[in-house]
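Asks: My structure file my_file23.cif, mmCIF, C-alpha atoms, is below:
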```cif
data_structure
#
loop_
_atom_site.label_atom_id
_atom_site.label_comp_id
_atom_site.auth_asym_id
_atom_site.auth_seq_id
_atom_site.Cartn_x
_atom_site.Cartn_y
_atom_site.Cartn_z
CA MET A 1252 4.92 21.76 10.48
CA ALA A 1253 2.49 19.19 9.06
CA LYS A 1254 1.62 16.24 11.25
CA PRO A 1255 3.58 13.16 10.11
CA ALA A 1256 1.59 10.33 8.56
CA VAL A 1257 2.47 6.64 8.66
CA ILE A 1258 0.84 4.05 6.41
CA VAL A 1259 1.47 0.38 7.18
CA VAL A 1260 0.75 -2.07 4.34
CA GLY A 1261 0.75 -5.72 5.29
CA ALA A 1262 -0.83 -9.06 6.01
CA ASP A 1263 0.04 -12.05 8.15
CA LYS A 1264 -0.56 -14.30 5.16
CA GLY A 1265 1.89 -14.33 2.26
CA GLY A 1266 1.17 -14.17 -1.45
CA VAL A 1267 -1.64 -11.61 -1.24
CA GLY A 1268 0.12 -8.87 -3.23
CA LYS A 1269 0.86 -6.38 -0.47
CA THR A 1270 3.96 -4.94 -2.18
CA THR A 1271 1.92 -4.31 -5.32
CA VAL A 1272 -0.45 -2.22 -3.22
CA SER A 1273 2.49 -0.35 -1.65
CA ARG A 1274 3.76 0.44 -5.15
CA THR A 1275 0.40 1.92 -6.19
CA VAL A 1276 0.33 4.04 -3.02
CA LEU A 1277 3.81 5.43 -3.75
CA ASP A 1278 2.81 6.19 -7.35
CA TYR A 1279 -0.35 7.92 -6.15
CA PHE A 1280 1.51 10.17 -3.73
CA SER A 1281 4.19 10.91 -6.33
CA ALA A 1282 1.55 12.02 -8.83
CA ASN A 1283 -0.08 14.17 -6.16
CA ASN A 1284 3.23 15.79 -5.14
CA VAL A 1285 3.07 14.39 -1.61
CA PRO A 1286 6.64 13.97 -0.26
CA THR A 1287 6.87 10.31 0.67
CA ARG A 1288 9.51 7.89 1.89
CA ALA A 1289 9.19 4.11 2.19
CA PHE A 1290 10.64 1.32 4.27
CA ASP A 1291 10.85 -2.18 2.82
CA THR A 1292 10.92 -4.79 5.60
CA GLU A 1293 11.64 -7.68 3.25
CA ALA A 1294 15.30 -7.79 4.23
CA PRO A 1295 17.65 -8.37 2.59
CA ARG A 1296 16.01 -8.75 -0.85
CA GLY A 1297 13.79 -5.71 -0.83
CA THR A 1298 11.11 -6.09 -3.53
CA LEU A 1299 9.67 -2.60 -2.98
CA LYS A 1300 13.12 -1.03 -3.19
CA ARG A 1301 13.66 -2.64 -6.59
CA PHE A 1302 10.77 -0.60 -8.00
CA HIS A 1303 11.16 2.59 -5.94
CA PRO A 1304 14.89 2.74 -5.11
CA THR A 1305 15.17 6.50 -4.59
CA VAL A 1306 12.61 6.72 -1.78
CA THR A 1307 12.90 3.26 -0.22
CA GLU A 1308 15.22 1.90 2.46
CA ILE A 1309 15.41 -1.76 3.46
CA VAL A 1310 15.03 -2.35 7.21
CA ASP A 1311 14.52 -5.18 9.67
CA VAL A 1312 11.34 -4.05 11.40
CA THR A 1313 11.97 -6.49 14.27
CA SER A 1314 15.26 -4.74 15.09
CA THR A 1315 15.13 -1.96 17.69
CA SER A 1316 17.79 0.06 15.87
CA ASP A 1317 15.82 -0.09 12.62
CA GLN A 1318 12.61 0.82 14.45
CA MET A 1319 14.48 3.90 15.67
CA LYS A 1320 15.53 4.63 12.08
CA ILE A 1321 11.87 4.73 11.08
CA PHE A 1322 10.07 6.30 14.00
CA ASP A 1323 12.67 8.58 15.57
CA THR A 1324 12.86 10.47 12.27
CA LEU A 1325 9.15 11.06 11.64
CA ASN A 1326 9.32 14.75 12.54
CA SER A 1327 12.72 15.45 10.99
CA ALA A 1328 12.30 13.66 7.64
CA ASN A 1329 11.79 15.71 4.49
CA ALA A 1330 8.89 13.42 3.60
CA SER A 1331 5.55 14.05 5.30
CA VAL A 1332 4.34 10.50 4.65
CA THR A 1333 6.08 7.26 5.61
CA VAL A 1334 4.95 4.03 3.93
CA ILE A 1335 6.02 0.78 5.60
CA ASP A 1336 5.72 -2.34 3.47
CA VAL A 1337 5.56 -5.13 6.06
CA ARG A 1338 6.68 -8.53 4.86
CA ALA A 1339 4.43 -11.57 5.17
CA GLY A 1340 3.86 -12.80 8.69
CA LEU A 1341 4.95 -9.61 10.42
CA LEU A 1342 1.81 -7.46 10.45
CA SER A 1343 0.61 -8.50 13.90
CA PRO A 1344 4.12 -8.47 15.46
CA THR A 1345 4.75 -5.03 13.93
CA LEU A 1346 1.52 -3.64 15.35
CA LYS A 1347 2.42 -5.09 18.75
CA SER A 1348 5.79 -3.32 18.57
CA LEU A 1349 4.03 -0.06 17.69
CA ARG A 1350 1.89 -0.50 20.77
CA ASP A 1351 4.90 -1.24 22.97
CA ILE A 1352 6.86 1.85 21.87
CA GLY A 1353 3.87 4.15 22.42
CA PHE A 1354 3.26 4.84 18.74
CA LEU A 1355 -0.39 3.77 18.89
CA ASP A 1356 -0.95 6.07 21.88
CA ALA A 1357 0.58 8.95 19.92
CA ALA A 1358 -1.75 8.19 17.01
CA GLN A 1359 -4.77 8.03 19.27
CA SER A 1360 -3.88 11.39 20.83
CA GLY A 1361 -3.63 12.97 17.37
CA GLN A 1362 0.13 13.54 17.26
CA ILE A 1363 0.54 11.23 14.26
CA THR A 1364 -1.76 10.20 11.43
CA PHE A 1365 -1.80 6.42 11.23
CA ALA A 1366 -3.38 4.22 8.57
CA VAL A 1367 -3.27 0.48 8.00
CA PHE A 1368 -3.85 -1.18 4.64
CA HIS A 1369 -4.63 -4.78 5.61
CA ILE A 1370 -4.33 -6.93 2.47
CA LEU A 1371 -6.81 -9.78 2.67
CA GLY A 1372 -6.40 -13.24 1.20
CA PRO A 1373 -9.23 -15.49 0.02
CA SER A 1374 -9.38 -17.80 3.03
CA ILE A 1375 -11.18 -17.71 6.34
CA ALA A 1376 -7.73 -17.61 7.94
CA SER A 1377 -7.32 -14.16 6.44
CA LEU A 1378 -10.56 -13.10 8.07
CA ASP A 1379 -9.21 -14.35 11.38
CA GLU A 1380 -6.41 -11.81 10.94
CA ILE A 1381 -9.01 -9.05 11.06
CA ALA A 1382 -10.08 -10.02 14.55
CA GLU A 1383 -6.50 -9.88 15.82
CA THR A 1384 -5.54 -6.72 13.95
CA ALA A 1385 -8.66 -4.92 15.15
CA ASN A 1386 -7.20 -4.88 18.68
CA PHE A 1387 -4.59 -2.36 17.50
CA MET A 1388 -6.79 -0.09 15.40
CA SER A 1389 -7.78 2.48 18.02
CA GLY A 1390 -6.69 5.82 16.62
CA ALA A 1391 -5.95 4.40 13.17
CA LYS A 1392 -7.60 4.57 9.78
CA TYR A 1393 -8.21 0.93 8.98
CA PHE A 1394 -8.60 -0.24 5.38
CA LEU A 1395 -9.46 -3.81 4.43
CA VAL A 1396 -8.05 -4.39 0.95
CA LYS A 1397 -9.43 -7.04 -1.37
CA ASN A 1398 -6.59 -7.47 -3.83
CA PHE A 1399 -7.51 -9.28 -7.04
CA ILE A 1400 -4.09 -8.73 -8.64
CA ASN A 1401 -3.16 -12.41 -8.20
CA ASN A 1402 -6.43 -13.63 -9.73
CA THR A 1403 -7.84 -14.12 -6.25
CA SER A 1404 -11.47 -15.19 -6.22
CA PHE A 1405 -12.18 -15.04 -2.47
CA PHE A 1406 -14.11 -18.26 -3.11
CA GLU A 1407 -14.03 -19.37 0.52
CA TRP A 1408 -15.87 -16.31 1.77
CA ASP A 1409 -19.51 -16.47 2.63
CA GLN A 1410 -20.82 -12.91 2.64
CA ALA A 1411 -22.59 -13.34 5.97
CA THR A 1412 -19.37 -14.66 7.51
CA TYR A 1413 -17.39 -11.76 6.10
CA ASN A 1414 -19.95 -9.26 7.39
CA SER A 1415 -19.73 -10.75 10.87
CA TYR A 1416 -15.98 -10.09 10.89
CA PHE A 1417 -16.30 -6.70 9.30
CA ARG A 1418 -18.74 -5.52 11.97
CA LYS A 1419 -16.13 -6.13 14.65
CA ILE A 1420 -14.12 -3.12 13.52
CA LYS A 1421 -15.46 0.38 13.94
CA ASN A 1422 -14.96 2.70 10.96
CA ALA A 1423 -13.18 0.13 8.80
CA THR A 1424 -13.30 0.87 5.08
CA GLU A 1425 -13.07 -1.57 2.18
CA ILE A 1426 -10.81 -1.02 -0.82
CA THR A 1427 -10.86 -3.14 -3.96
CA ILE A 1428 -7.74 -3.52 -6.11
CA PRO A 1429 -8.84 -4.90 -9.51
CA LYS A 1430 -7.02 -7.51 -11.52
CA LEU A 1431 -4.34 -6.37 -13.96
CA ASN A 1432 -3.73 -8.12 -17.29
CA GLU A 1433 -1.14 -10.84 -16.57
CA MET A 1434 1.17 -9.97 -19.45
CA ALA A 1435 1.11 -6.28 -18.51
CA TYR A 1436 1.94 -7.11 -14.91
CA GLU A 1437 4.81 -9.35 -15.99
CA GLN A 1438 6.21 -6.65 -18.28
CA VAL A 1439 6.31 -4.14 -15.40
CA GLU A 1440 8.07 -6.77 -13.27
CA VAL A 1441 10.69 -7.30 -15.97
CA ALA A 1442 11.19 -3.55 -16.43
CA SER A 1443 11.57 -3.06 -12.64
CA VAL A 1444 10.02 0.41 -12.78
CA PRO A 1445 7.09 2.00 -10.95
CA PHE A 1446 3.72 1.55 -12.64
CA LEU A 1447 3.65 5.30 -13.26
CA LYS A 1448 6.95 5.25 -15.14
CA PHE A 1449 5.82 2.26 -17.18
CA VAL A 1450 2.69 4.12 -18.23
CA ALA A 1451 4.81 7.15 -19.16
CA ASN A 1452 7.18 4.91 -21.19
CA LYS A 1453 10.15 5.89 -19.01
CA SER A 1454 13.03 3.91 -17.56
CA GLN A 1455 13.99 4.01 -13.89
CA ARG A 1456 16.26 6.98 -14.76
CA ASP A 1457 13.48 8.76 -16.65
CA GLU A 1458 15.02 7.95 -20.02
CA ALA A 1459 12.75 7.12 -22.96
CA ALA A 1460 11.80 3.44 -23.04
CA ASN A 1461 10.10 1.22 -25.59
CA TYR A 1462 7.40 -0.62 -23.69
CA SER A 1463 4.40 -2.06 -25.49
CA PHE A 1464 1.68 0.50 -26.26
CA VAL A 1465 -0.96 -2.15 -25.57
CA LEU A 1466 0.49 -3.23 -22.22
CA ARG A 1467 0.98 0.39 -21.14
CA GLY A 1468 -2.67 0.95 -21.93
CA TYR A 1469 -3.72 -1.93 -19.70
CA VAL A 1470 -1.57 -0.62 -16.85
CA ARG A 1471 -2.85 2.92 -17.30
CA HIS A 1472 -6.48 1.82 -17.17
CA TRP A 1473 -5.85 -0.40 -14.14
CA LEU A 1474 -3.83 2.23 -12.26
CA GLY A 1475 -6.56 4.77 -12.91
CA ASN A 1476 -9.09 2.43 -11.30
CA VAL A 1477 -6.82 1.88 -8.29
CA TRP A 1478 -6.34 5.63 -7.90
CA GLY A 1479 -10.10 6.00 -8.14
CA GLU A 1480 -10.32 3.90 -4.98
CA PHE A 1481 -7.71 6.08 -3.28
CA ASP A 1482 -9.63 9.18 -4.34
CA ARG A 1483 -12.82 7.64 -2.94
CA ILE A 1484 -11.29 7.15 0.52
CA LYS A 1485 -9.73 10.66 0.27
CA LEU A 1486 -6.22 9.33 0.85
CA THR A 1487 -4.57 12.69 0.20
CA ASP A 1488 -6.87 14.31 2.77
CA ILE A 1489 -6.02 11.62 5.31
CA VAL A 1490 -2.29 12.42 5.08
CA GLY A 1491 -2.90 16.16 5.18
CA LYS A 1492 -2.59 17.08 1.51
CA ASP A 1493 -4.99 19.67 0.10
CA LYS A 1494 -7.79 17.88 -1.75
CA GLY A 1495 -7.67 20.36 -4.59
CA SER A 1496 -4.32 19.05 -5.76
CA ALA A 1497 -5.45 15.46 -6.26
CA THR A 1498 -4.53 13.86 -9.56
CA THR A 1499 -7.46 12.26 -11.34
CA LYS A 1500 -7.57 9.23 -13.60
CA ALA A 1501 -7.68 11.47 -16.68
CA GLU A 1502 -4.35 13.01 -15.75
CA LEU A 1503 -2.35 9.81 -15.92
CA PRO A 1504 0.47 10.13 -18.50
CA THR A 1505 -0.03 8.56 -21.89
CA GLY A 1506 3.61 8.17 -22.86
CA THR A 1507 4.83 8.13 -26.45
#
```
Let me see the file written as structure tokens.
Replies:
Amino acid sequence: MAKPAVIVVGADKGGVGKTTVSRTVLDYFSANNVPTRAFDTEAPRGTLKRFHPTVTEIVDVTSTSDQMKIFDTLNSANASVTVIDVRAGLLSPTLKSLRDIGFLDAAQSGQITFAVFHILGPSIASLDEIAETANFMSGAKYFLVKNFINNTSFFEWDQATYNSYFRKIKNATEITIPKLNEMAYEQVEVASVPFLKFVANKSQRDEAANYSFVLRGYVRHWLGNVWGEFDRIKLTDIVGKDKGSATTKAELPTGT
């Protein structure tokens, strides 16, 4: 049986677009035929579940019973990859819980594949998160994500300052999520469908839709660039999927 993989997506700061990144990860795995399930910790509203209802369950990650629901089922779940979208302010507490239950030890010993997508904001406070999060990264694949989806400029960052933080973490890798046209992003929000379905001009139930050709084009181009980043870090390899099956940018659907 394949080794289970867990990807935590989060930040201690809010408003940095972490759920958007989770959505692109789920689309990427779907296109690459990687069985994936997701847990949305934004209880009770569940933003991720609104876009990916069939694979997402809303949980309270601070609850022991819900932690059991996630981690006691890693080896028995049909999905080989578990994506956990951690709501704002809970990244550090969640990592502490993973340490306390022995999950980080299991990852370090190679029983579980563990990756963290740390979504960075534009302020020095976000860089301070790196120093704290780094304490839990032994045995994990650690990705620092600059997310420009919210028109973030990272104006407060001096490159030398950023480099000094970045050097504190061994084997950390940067990912850049480019900006998406505002109107296209808003249209996907209104449609409440995955980016991949929007590009394919499909509803949540896979029925034919009538989204704008222009806006679908913007989303397709943007999603292809995001997937290019995931290809670059070999995300399918990290979770144990054969590299030869990876979907490329050119294979994104065009819709009708």
Asks: I'd like the contact shell of stretch 1451-1458 of chain A - 9 Å cut-off, only C-alpha atoms, skipping same-chain residues fewer than 6 positions apart - returned as a PyMOL selection string.
Replies: chain A and resi 1302-1304+1442-1445+1464+1467+1471+1503-1507
Asks: So that each row is one residue of stretch 1414-1495 of chain A with an atom at most 10 Å from stretch 1277-1288 of chain A, can you give its shortest atom pair and the distance in Å to one decimal, using all atoms listed in the file, rows by chain and rising number, as a tab-separated table?
Replies:
```
residue	atom	partner	partner_atom	distance
A:Pro1445	CA	A:Asp1278	CA	7.0
A:Phe1446	CA	A:Asp1278	CA	7.1
A:Leu1447	CA	A:Asp1278	CA	6.0
A:Lys1448	CA	A:Asp1278	CA	8.9
A:Leu1474	CA	A:Tyr1279	CA	9.0
A:Gly1475	CA	A:Tyr1279	CA	9.7
A:Val1477	CA	A:Tyr1279	CA	9.1
A:Trp1478	CA	A:Tyr1279	CA	6.6
A:Phe1481	CA	A:Tyr1279	CA	8.1
A:Asp1482	CA	A:Tyr1279	CA	9.5
A:Leu1486	CA	A:Phe1280	CA	9.0
A:Thr1487	CA	A:Phe1280	CA	7.7
A:Val1490	CA	A:Val1285	CA	8.8
A:Gly1491	CA	A:Val1285	CA	9.2
A:Lys1492	CA	A:Val1285	CA	7.0
A:Asp1493	CA	A:Asn1283	CA	9.7
A:Lys1494	CA	A:Asn1283	CA	9.6
A:Gly1495	CA	A:Asn1283	CA	9.9
```
Asks: For the structure provided, state which residues fall under the PyMOL selection byres ((chain A and resi 1387) around 8), and present them as a list of chain:residue names.
Replies: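 With the shown file as input, the PyMOL selection byres ((chain A and resi 1387) around 8) matches A:Leu1346, A:Lys1347, A:Arg1350, A:Leu1355, A:Glu1383, A:Thr1384, A:Ala1385, A:Asn1386, A:Met1388, A:Ser1389.
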Asks: Within 12 Å of stretch 1415-1439 of chain A, which residues of stretch 1327-1370 of chain A come that close, and what is the closest atom pair and distance in Å for each? Count only C-alpha atoms and give it as JSON lines.
Replies:
```
{"residue": "A:Ala1366", "atom": "CA", "partner": "A:Ala1423", "partner_atom": "CA", "distance": 10.6}
{"residue": "A:Val1367", "atom": "CA", "partner": "A:Ala1423", "partner_atom": "CA", "distance": 9.9}
{"residue": "A:Phe1368", "atom": "CA", "partner": "A:Ile1426", "partner_atom": "CA", "distance": 8.8}
{"residue": "A:His1369", "atom": "CA", "partner": "A:Glu1425", "partner_atom": "CA", "distance": 9.7}
{"residue": "A:Ile1370", "atom": "CA", "partner": "A:Ile1426", "partner_atom": "CA", "distance": 9.4}
```
Asks: Please, what distance in Å, to one decimal, runs between atom CA of A:Phe1290 and atom CA of A:Ile1484?
Replies: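 That distance, rounded to one decimal, is 23.0 Å.
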Asks: Near stretch 1329-1337 of chain A, counting only C-alpha atoms, which residues have an atom at most 10 Å away, once you skip same-chain residues fewer than 2 positions from it, shown as an mmCIF file with C-alpha atoms, in the frame of the given file?
Replies:
```
data_model
loop_
_atom_site.group_PDB
_atom_site.id
_atom_site.type_symbol
_atom_site.label_atom_id
_atom_site.label_comp_id
_atom_site.auth_asym_id
_atom_site.auth_seq_id
_atom_site.Cartn_x
_atom_site.Cartn_y
_atom_site.Cartn_z
ATOM 1 C CA MET A 1252 4.920 21.760 10.480
ATOM 2 C CA ALA A 1253 2.490 19.190 9.060
ATOM 3 C CA LYS A 1254 1.620 16.240 11.250
ATOM 4 C CA PRO A 1255 3.580 13.160 10.110
ATOM 5 C CA ALA A 1256 1.590 10.330 8.560
ATOM 6 C CA VAL A 1257 2.470 6.640 8.660
ATOM 7 C CA ILE A 1258 0.840 4.050 6.410
ATOM 8 C CA VAL A 1259 1.470 0.380 7.180
ATOM 9 C CA VAL A 1260 0.750 -2.070 4.340
ATOM 10 C CA GLY A 1261 0.750 -5.720 5.290
ATOM 11 C CA ALA A 1262 -0.830 -9.060 6.010
ATOM 12 C CA ASP A 1263 0.040 -12.050 8.150
ATOM 13 C CA LYS A 1269 0.860 -6.380 -0.470
ATOM 14 C CA THR A 1270 3.960 -4.940 -2.180
ATOM 15 C CA THR A 1271 1.920 -4.310 -5.320
ATOM 16 C CA VAL A 1272 -0.450 -2.220 -3.220
ATOM 17 C CA SER A 1273 2.490 -0.350 -1.650
ATOM 18 C CA ARG A 1274 3.760 0.440 -5.150
ATOM 19 C CA VAL A 1276 0.330 4.040 -3.020
ATOM 20 C CA LEU A 1277 3.810 5.430 -3.750
ATOM 21 C CA PHE A 1280 1.510 10.170 -3.730
ATOM 22 C CA VAL A 1285 3.070 14.390 -1.610
ATOM 23 C CA PRO A 1286 6.640 13.970 -0.260
ATOM 24 C CA THR A 1287 6.870 10.310 0.670
ATOM 25 C CA ARG A 1288 9.510 7.890 1.890
ATOM 26 C CA ALA A 1289 9.190 4.110 2.190
ATOM 27 C CA PHE A 1290 10.640 1.320 4.270
ATOM 28 C CA ASP A 1291 10.850 -2.180 2.820
ATOM 29 C CA THR A 1292 10.920 -4.790 5.600
ATOM 30 C CA GLU A 1293 11.640 -7.680 3.250
ATOM 31 C CA GLY A 1297 13.790 -5.710 -0.830
ATOM 32 C CA THR A 1298 11.110 -6.090 -3.530
ATOM 33 C CA LEU A 1299 9.670 -2.600 -2.980
ATOM 34 C CA VAL A 1306 12.610 6.720 -1.780
ATOM 35 C CA THR A 1307 12.900 3.260 -0.220
ATOM 36 C CA GLU A 1308 15.220 1.900 2.460
ATOM 37 C CA ILE A 1309 15.410 -1.760 3.460
ATOM 38 C CA VAL A 1310 15.030 -2.350 7.210
ATOM 39 C CA ASP A 1311 14.520 -5.180 9.670
ATOM 40 C CA VAL A 1312 11.340 -4.050 11.400
ATOM 41 C CA ILE A 1321 11.870 4.730 11.080
ATOM 42 C CA PHE A 1322 10.070 6.300 14.000
ATOM 43 C CA THR A 1324 12.860 10.470 12.270
ATOM 44 C CA LEU A 1325 9.150 11.060 11.640
ATOM 45 C CA ASN A 1326 9.320 14.750 12.540
ATOM 46 C CA SER A 1327 12.720 15.450 10.990
ATOM 47 C CA ALA A 1339 4.430 -11.570 5.170
ATOM 48 C CA GLY A 1340 3.860 -12.800 8.690
ATOM 49 C CA LEU A 1341 4.950 -9.610 10.420
ATOM 50 C CA LEU A 1342 1.810 -7.460 10.450
ATOM 51 C CA SER A 1343 0.610 -8.500 13.900
ATOM 52 C CA THR A 1345 4.750 -5.030 13.930
ATOM 53 C CA THR A 1364 -1.760 10.200 11.430
ATOM 54 C CA PHE A 1365 -1.800 6.420 11.230
ATOM 55 C CA ALA A 1366 -3.380 4.220 8.570
ATOM 56 C CA VAL A 1367 -3.270 0.480 8.000
ATOM 57 C CA PHE A 1368 -3.850 -1.180 4.640
ATOM 58 C CA VAL A 1490 -2.290 12.420 5.080
ATOM 59 C CA GLY A 1491 -2.900 16.160 5.180
ATOM 60 C CA LYS A 1492 -2.590 17.080 1.510
#
```
Asks: Could you tell me how far atom CA of A:Gln1362 lies from atom CA of A:Tyr1393, in Å and to one decimal?
Replies: 17.2 Å
Asks: Between atom CA of A:Arg1301 and atom CA of A:Val1465, what distance in Å does the model show, to one decimal?
Replies: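 A separation of 24.0 Å between them.
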Asks: Using only C-alpha atoms, find the one residue out of A:Asn1398, A:Thr1305, A:Thr1313, A:Gln1359 that sits nearest to A:Gly1268.
Replies: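 Of the candidates, the smallest distance to A:Gly1268 is held by A:Asn1398.
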Asks: Kindly list the centre and edge lengths in Å, rounded to one decimal, for the axis-aligned box that covers all listed atoms of stretch 1419-1429 of chain A plus 4 Å on each of its six sides, as AutoDock Vina command-line options.
Replies:
```
--center_x -11.9 --center_y -1.7 --center_z 2.6 --size_x 16.4 --size_y 16.8 --size_z 32.2
```
